[in-house]
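Enquirer: Coordinates in start.tsv, TSV, N, CA and C atoms and all ligand atoms, are listed below.
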chain	number	residue	atom	x	y	z
A	149	MET	N	17.09	-0.98	2.61
A	149	MET	CA	15.80	-1.42	2.07
A	149	MET	C	15.91	-2.84	1.51
A	150	VAL	N	14.88	-3.59	1.72
A	150	VAL	CA	14.87	-4.99	1.28
A	150	VAL	C	13.98	-5.11	0.05
A	151	ASP	N	14.46	-5.85	-0.94
A	151	ASP	CA	13.63	-6.11	-2.11
A	151	ASP	C	12.54	-7.12	-1.76
A	152	ARG	N	11.33	-6.82	-2.18
A	152	ARG	CA	10.22	-7.74	-1.96
A	152	ARG	C	9.42	-7.85	-3.24
A	153	THR	N	8.73	-8.97	-3.41
A	153	THR	CA	7.93	-9.17	-4.61
A	153	THR	C	6.49	-8.77	-4.35
A	154	CYS	N	5.99	-7.88	-5.19
A	154	CYS	CA	4.60	-7.43	-5.06
A	154	CYS	C	3.68	-8.47	-5.68
A	155	PRO	N	2.64	-8.92	-4.94
A	155	PRO	CA	1.73	-9.92	-5.51
A	155	PRO	C	0.86	-9.35	-6.63
A	156	GLY	N	0.78	-8.04	-6.75
A	156	GLY	CA	-0.05	-7.45	-7.80
A	156	GLY	C	0.61	-7.48	-9.16
A	157	CYS	N	1.89	-7.15	-9.22
A	157	CYS	CA	2.58	-7.04	-10.51
A	157	CYS	C	3.79	-7.96	-10.61
A	158	ALA	N	4.10	-8.68	-9.53
A	158	ALA	CA	5.19	-9.65	-9.50
A	158	ALA	C	6.57	-9.01	-9.70
A	159	ILE	N	6.64	-7.70	-9.54
A	159	ILE	CA	7.94	-7.02	-9.65
A	159	ILE	C	8.62	-7.02	-8.28
A	160	ASN	N	9.90	-7.29	-8.31
A	160	ASN	CA	10.71	-7.36	-7.10
A	160	ASN	C	11.56	-6.10	-6.99
A	161	ASP	N	11.26	-5.25	-6.01
A	161	ASP	CA	12.05	-4.04	-5.84
A	161	ASP	C	11.90	-3.57	-4.40
A	162	ASP	N	12.51	-2.41	-4.09
A	162	ASP	CA	12.46	-1.93	-2.70
A	162	ASP	C	11.57	-0.70	-2.57
A	163	HIS	N	10.61	-0.55	-3.50
A	163	HIS	CA	9.71	0.59	-3.42
A	163	HIS	C	8.80	0.48	-2.20
A	164	PRO	N	8.25	1.60	-1.74
A	164	PRO	CA	7.39	1.55	-0.55
A	164	PRO	C	6.22	0.58	-0.74
A	165	ARG	N	5.86	-0.11	0.31
A	165	ARG	CA	4.81	-1.15	0.25
A	165	ARG	C	3.78	-0.94	1.34
A	166	HIS	N	2.61	-1.52	1.08
A	166	HIS	CA	1.62	-1.70	2.13
A	166	HIS	C	1.66	-3.16	2.51
A	167	GLN	N	2.04	-3.45	3.75
A	167	GLN	CA	2.07	-4.83	4.21
A	167	GLN	C	0.68	-5.17	4.71
A	168	ALA	N	0.01	-6.06	3.97
A	168	ALA	CA	-1.38	-6.36	4.26
A	168	ALA	C	-1.56	-7.86	4.43
A	169	VAL	N	-2.53	-8.21	5.25
A	169	VAL	CA	-2.81	-9.62	5.49
A	169	VAL	C	-3.52	-10.22	4.27
A	170	THR	N	-3.22	-11.48	3.99
A	170	THR	CA	-3.85	-12.18	2.88
A	170	THR	C	-4.96	-13.08	3.39
A	171	GLU	N	-5.71	-13.68	2.45
A	171	GLU	CA	-6.78	-14.60	2.84
A	171	GLU	C	-6.25	-15.76	3.65
A	172	ALA	N	-5.00	-16.15	3.37
A	172	ALA	CA	-4.39	-17.28	4.07
A	172	ALA	C	-3.81	-16.87	5.42
A	173	GLY	N	-3.88	-15.57	5.73
A	173	GLY	CA	-3.36	-15.10	6.99
A	173	GLY	C	-1.89	-14.73	6.95
A	174	ASP	N	-1.29	-14.80	5.76
A	174	ASP	CA	0.10	-14.38	5.61
A	174	ASP	C	0.16	-12.86	5.41
A	175	ILE	N	1.37	-12.36	5.34
A	175	ILE	CA	1.56	-10.94	5.05
A	175	ILE	C	2.12	-10.81	3.64
A	176	ALA	N	1.47	-9.98	2.84
A	176	ALA	CA	1.96	-9.69	1.50
A	176	ALA	C	2.36	-8.23	1.43
A	177	ALA	N	3.44	-7.93	0.71
A	177	ALA	CA	3.94	-6.57	0.58
A	177	ALA	C	3.58	-6.02	-0.79
A	178	TRP	N	2.51	-5.25	-0.82
A	178	TRP	CA	1.98	-4.69	-2.07
A	178	TRP	C	2.60	-3.34	-2.36
A	179	HIS	N	2.84	-3.06	-3.65
A	179	HIS	CA	3.00	-1.66	-4.05
A	179	HIS	C	1.69	-0.96	-3.71
A	180	THR	N	1.78	0.28	-3.27
A	180	THR	CA	0.53	0.96	-2.93
A	180	THR	C	-0.33	1.20	-4.16
A	181	ASP	N	0.30	1.44	-5.32
A	181	ASP	CA	-0.53	1.66	-6.52
A	181	ASP	C	-1.21	0.36	-6.95
A	182	CYS	N	-0.50	-0.76	-6.88
A	182	CYS	CA	-1.10	-2.06	-7.23
A	182	CYS	C	-2.24	-2.39	-6.27
A	183	HIS	N	-2.04	-2.10	-4.99
A	183	HIS	CA	-3.04	-2.43	-3.99
A	183	HIS	C	-4.25	-1.51	-4.08
A	184	ALA	N	-4.00	-0.24	-4.42
A	184	ALA	CA	-5.11	0.69	-4.61
A	184	ALA	C	-6.01	0.20	-5.74
A	185	LEU	N	-5.41	-0.38	-6.78
A	185	LEU	CA	-6.20	-0.92	-7.90
A	185	LEU	C	-7.10	-2.06	-7.43
A	186	LYS	N	-6.68	-2.76	-6.38
A	186	LYS	CA	-7.49	-3.86	-5.83
A	186	LYS	C	-8.56	-3.36	-4.88
A	187	GLY	N	-8.57	-2.05	-4.62
A	187	GLY	CA	-9.61	-1.48	-3.78
A	187	GLY	C	-9.21	-1.22	-2.35
A	188	CYS	N	-7.92	-1.34	-2.04
A	188	CYS	CA	-7.48	-1.10	-0.66
A	188	CYS	C	-7.60	0.39	-0.33
A	189	PRO	N	-8.44	0.74	0.67
A	189	PRO	CA	-8.66	2.15	0.98
A	189	PRO	C	-7.42	2.82	1.57
A	190	VAL	N	-6.60	2.05	2.25
A	190	VAL	CA	-5.36	2.62	2.81
A	190	VAL	C	-4.45	3.08	1.67
A	191	CYS	N	-4.34	2.23	0.65
A	191	CYS	CA	-3.46	2.57	-0.47
A	191	CYS	C	-4.06	3.66	-1.34
A	192	VAL	N	-5.38	3.71	-1.44
A	192	VAL	CA	-6.00	4.81	-2.17
A	192	VAL	C	-5.62	6.13	-1.51
A	193	ILE	N	-5.68	6.17	-0.17
A	193	ILE	CA	-5.28	7.37	0.56
A	193	ILE	C	-3.80	7.66	0.33
A	194	ALA	N	-2.98	6.62	0.40
A	194	ALA	CA	-1.54	6.82	0.29
A	194	ALA	C	-1.11	7.27	-1.10
A	195	ARG	N	-1.94	7.04	-2.11
A	195	ARG	CA	-1.60	7.45	-3.48
A	195	ARG	C	-2.20	8.79	-3.85
A	196	GLN	N	-3.03	9.37	-2.98
A	196	GLN	CA	-3.67	10.64	-3.32
A	196	GLN	C	-2.62	11.73	-3.50
A	197	GLY	N	-2.66	12.40	-4.62
A	197	GLY	CA	-1.69	13.44	-4.91
A	197	GLY	C	-0.35	12.92	-5.35
A	198	ALA	N	-0.23	11.59	-5.46
A	198	ALA	CA	1.05	10.98	-5.83
A	198	ALA	C	0.85	9.97	-6.95
A	199	GLU	N	-0.19	10.20	-7.75
A	199	GLU	CA	-0.61	9.20	-8.74
A	199	GLU	C	0.51	8.82	-9.71
A	200	ASN	N	1.40	9.76	-10.01
A	200	ASN	CA	2.41	9.49	-11.03
A	200	ASN	C	3.79	9.23	-10.44
A	201	LEU	N	3.86	9.11	-9.13
A	201	LEU	CA	5.16	8.94	-8.49
A	201	LEU	C	5.46	7.46	-8.23
A	202	THR	N	6.71	7.07	-8.41
A	202	THR	CA	7.14	5.72	-8.06
A	202	THR	C	8.48	5.81	-7.34
A	203	GLY	N	8.87	4.70	-6.75
A	203	GLY	CA	10.20	4.57	-6.17
A	203	GLY	C	10.55	5.67	-5.19
A	204	ASP	N	11.73	6.25	-5.35
A	204	ASP	CA	12.22	7.23	-4.37
A	204	ASP	C	11.38	8.50	-4.33
A	205	GLU	N	10.84	8.91	-5.50
A	205	GLU	CA	9.98	10.10	-5.51
A	205	GLU	C	8.75	9.86	-4.66
A	206	TYR	N	8.20	8.66	-4.77
A	206	TYR	CA	7.02	8.33	-3.98
A	206	TYR	C	7.38	8.20	-2.50
A	207	ARG	N	8.56	7.65	-2.22
A	207	ARG	CA	9.01	7.54	-0.83
A	207	ARG	C	9.09	8.94	-0.20
A	208	ASP	N	9.61	9.90	-0.97
A	208	ASP	CA	9.69	11.28	-0.47
A	208	ASP	C	8.30	11.83	-0.18
A	209	HIS	N	7.36	11.50	-1.04
A	209	HIS	CA	5.97	11.95	-0.84
A	209	HIS	C	5.43	11.39	0.47
A	210	LEU	N	5.70	10.10	0.73
A	210	LEU	CA	5.21	9.48	1.97
A	210	LEU	C	5.82	10.14	3.20
A	211	VAL	N	7.11	10.44	3.12
A	211	VAL	CA	7.78	11.07	4.25
A	211	VAL	C	7.19	12.46	4.49
A	212	ALA	N	6.99	13.21	3.41
A	212	ALA	CA	6.50	14.58	3.53
A	212	ALA	C	5.05	14.63	4.01
A	213	ASN	N	4.26	13.62	3.66
A	213	ASN	CA	2.83	13.65	3.96
A	213	ASN	C	2.40	12.57	4.95
A	214	GLY	N	3.37	11.98	5.63
A	214	GLY	CA	3.06	10.85	6.50
A	214	GLY	C	2.01	11.15	7.54
A	215	GLU	N	2.08	12.35	8.13
A	215	GLU	CA	1.14	12.68	9.19
A	215	GLU	C	-0.29	12.75	8.66
A	216	ALA	N	-0.47	13.42	7.52
A	216	ALA	CA	-1.80	13.55	6.92
A	216	ALA	C	-2.33	12.18	6.49
A	217	ILE	N	-1.44	11.34	5.93
A	217	ILE	CA	-1.85	10.01	5.49
A	217	ILE	C	-2.29	9.18	6.69
A	218	ASN	N	-1.49	9.20	7.76
A	218	ASN	CA	-1.85	8.44	8.95
A	218	ASN	C	-3.18	8.91	9.53
A	219	ALA	N	-3.39	10.22	9.54
A	219	ALA	CA	-4.64	10.76	10.08
A	219	ALA	C	-5.83	10.29	9.25
A	220	ALA	N	-5.66	10.28	7.93
A	220	ALA	CA	-6.75	9.84	7.05
A	220	ALA	C	-7.02	8.35	7.23
A	221	VAL	N	-5.95	7.56	7.42
A	221	VAL	CA	-6.12	6.12	7.63
A	221	VAL	C	-6.87	5.87	8.95
A	222	GLN	N	-6.54	6.67	9.97
A	222	GLN	CA	-7.22	6.50	11.27
A	222	GLN	C	-8.71	6.78	11.16
A	223	ASP	N	-9.08	7.62	10.19
A	223	ASP	CA	-10.49	7.98	10.02
A	223	ASP	C	-11.30	6.95	9.24
A	224	LEU	N	-10.64	5.91	8.73
A	224	LEU	CA	-11.38	4.88	8.00
A	224	LEU	C	-12.33	4.16	8.94
A	225	PRO	N	-13.43	3.62	8.40
A	225	PRO	CA	-14.38	2.92	9.27
A	225	PRO	C	-13.71	1.75	9.98
A	226	PRO	N	-14.16	1.46	11.22
A	226	PRO	CA	-13.58	0.34	11.98
A	226	PRO	C	-13.67	-0.96	11.19
A	227	GLY	N	-12.63	-1.76	11.25
A	227	GLY	CA	-12.64	-3.04	10.55
A	227	GLY	C	-12.02	-2.99	9.18
A	228	THR	N	-11.93	-1.79	8.61
A	228	THR	CA	-11.39	-1.67	7.26
A	228	THR	C	-9.98	-2.23	7.16
A	229	LEU	N	-9.20	-1.99	8.21
A	229	LEU	CA	-7.80	-2.39	8.15
A	229	LEU	C	-7.64	-3.91	8.21
A	230	ASN	N	-8.68	-4.61	8.66
A	230	ASN	CA	-8.59	-6.06	8.75
A	230	ASN	C	-9.15	-6.77	7.53
A	231	GLU	N	-9.70	-6.00	6.58
A	231	GLU	CA	-10.24	-6.62	5.38
A	231	GLU	C	-9.10	-7.00	4.44
A	232	VAL	N	-9.35	-8.02	3.62
A	232	VAL	CA	-8.36	-8.49	2.66
A	232	VAL	C	-8.69	-7.90	1.29
A	233	PHE	N	-7.73	-7.20	0.72
A	233	PHE	CA	-7.91	-6.64	-0.61
A	233	PHE	C	-6.89	-7.26	-1.55
A	234	GLY	N	-7.37	-7.90	-2.58
A	234	GLY	CA	-6.47	-8.52	-3.54
A	234	GLY	C	-6.15	-9.94	-3.15
A	235	LYS	N	-6.37	-10.85	-4.08
A	235	LYS	CA	-6.09	-12.27	-3.77
A	235	LYS	C	-4.64	-12.57	-4.10
A	236	VAL	N	-4.05	-13.38	-3.27
A	236	VAL	CA	-2.67	-13.81	-3.47
A	236	VAL	C	-2.66	-15.31	-3.67
A	237	ASN	N	-2.09	-15.76	-4.78
A	237	ASN	CA	-2.06	-17.20	-5.04
A	237	ASN	C	-0.86	-17.85	-4.35
B	301	ZN	ZN	3.14	-4.07	-7.68
B	302	ZN	ZN	-3.10	-1.50	0.68
Can you turn what I pasted into structure tokens?
Ligand SMILES: [Zn+2]
Ligand SMILES: [Zn+2]

Expert:
Amino acid sequence: MVDRTCPGCAINDDHPRHQAVTEAGDIAAWHTDCHALKGCPVCVIARQGAENLTGDEYRDHLVANGEAINAAVQDLPPGTLNEVFGKVN
């Protein structure tokens, strides 16, 4: 696992991330909880039932529920995945 800096909280760690496009067209690696706070629907789905989990516990949750999470993400309205949630300076 590679340490990355989350643009939401500026913490550098190897916790699971949502890699999302920024306004500048770059890729930012958000913590899912930080990104959910910015309104990202993918991260809201990914945090459902895992509100209090971080790090390895949350990683286990993603592994155990990956299929259901992916299915829910596929059901999002078209275009949602291309929207930018959260500004990155
Ligand atoms: Zn964060
Ligand atoms: Zn997200």

Enquirer: Just the number, please: distance in Å from CA of Thr228 in chain A to CA of Pro189 in chain A, one decimal.

Expert: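 Separating CA of Thr228 in chain A from CA of Pro189 in chain A is a distance of 7.8 Å.
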
Enquirer: As a PyMOL selection string, please: every protein or nucleic acid residue near ligand ZN 301 (chain B) (cut-off 6.5 Å, counting all atoms listed in the file).

Expert: chain A and resi 154-159+178-183

Enquirer: Hey, which of A:Val192, A:Ala216, A:Glu199, A:Asn230 ends up closest to ligand ZN 302 (chain B)? Count only N, CA and C atoms and all ligand atoms.

Expert: A:Val192

Enquirer: Once you count all atoms listed in the file, what closest atom pair and distance in Å to one decimal does each residue of chain A within 5 Å of ligand ZN 302 (chain B) have, with rows by chain and rising residue number, as a Markdown table?

Expert:
| residue | atom | partner | partner_atom | distance |
| --- | --- | --- | --- | --- |
| A:His166 | CA | B:ZN302 | ZN | 4.9 |
| A:His183 | CA | B:ZN302 | ZN | 4.8 |
| A:Cys188 | CA | B:ZN302 | ZN | 4.6 |
| A:Val190 | C | B:ZN302 | ZN | 4.9 |
| A:Cys191 | N | B:ZN302 | ZN | 3.9 |

Enquirer: Taking 4 positions as the minimum chain separation for residues in the same chain, which residues sit within 12 Å of Asp174 in chain A when counting only C-alpha atoms? Answer as a list of chain:residue names.

Expert: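 The residues that qualify are A:Gln167, A:Ala168, A:Val169, A:Thr170, A:Val232, A:Lys235, A:Val236, A:Asn237.
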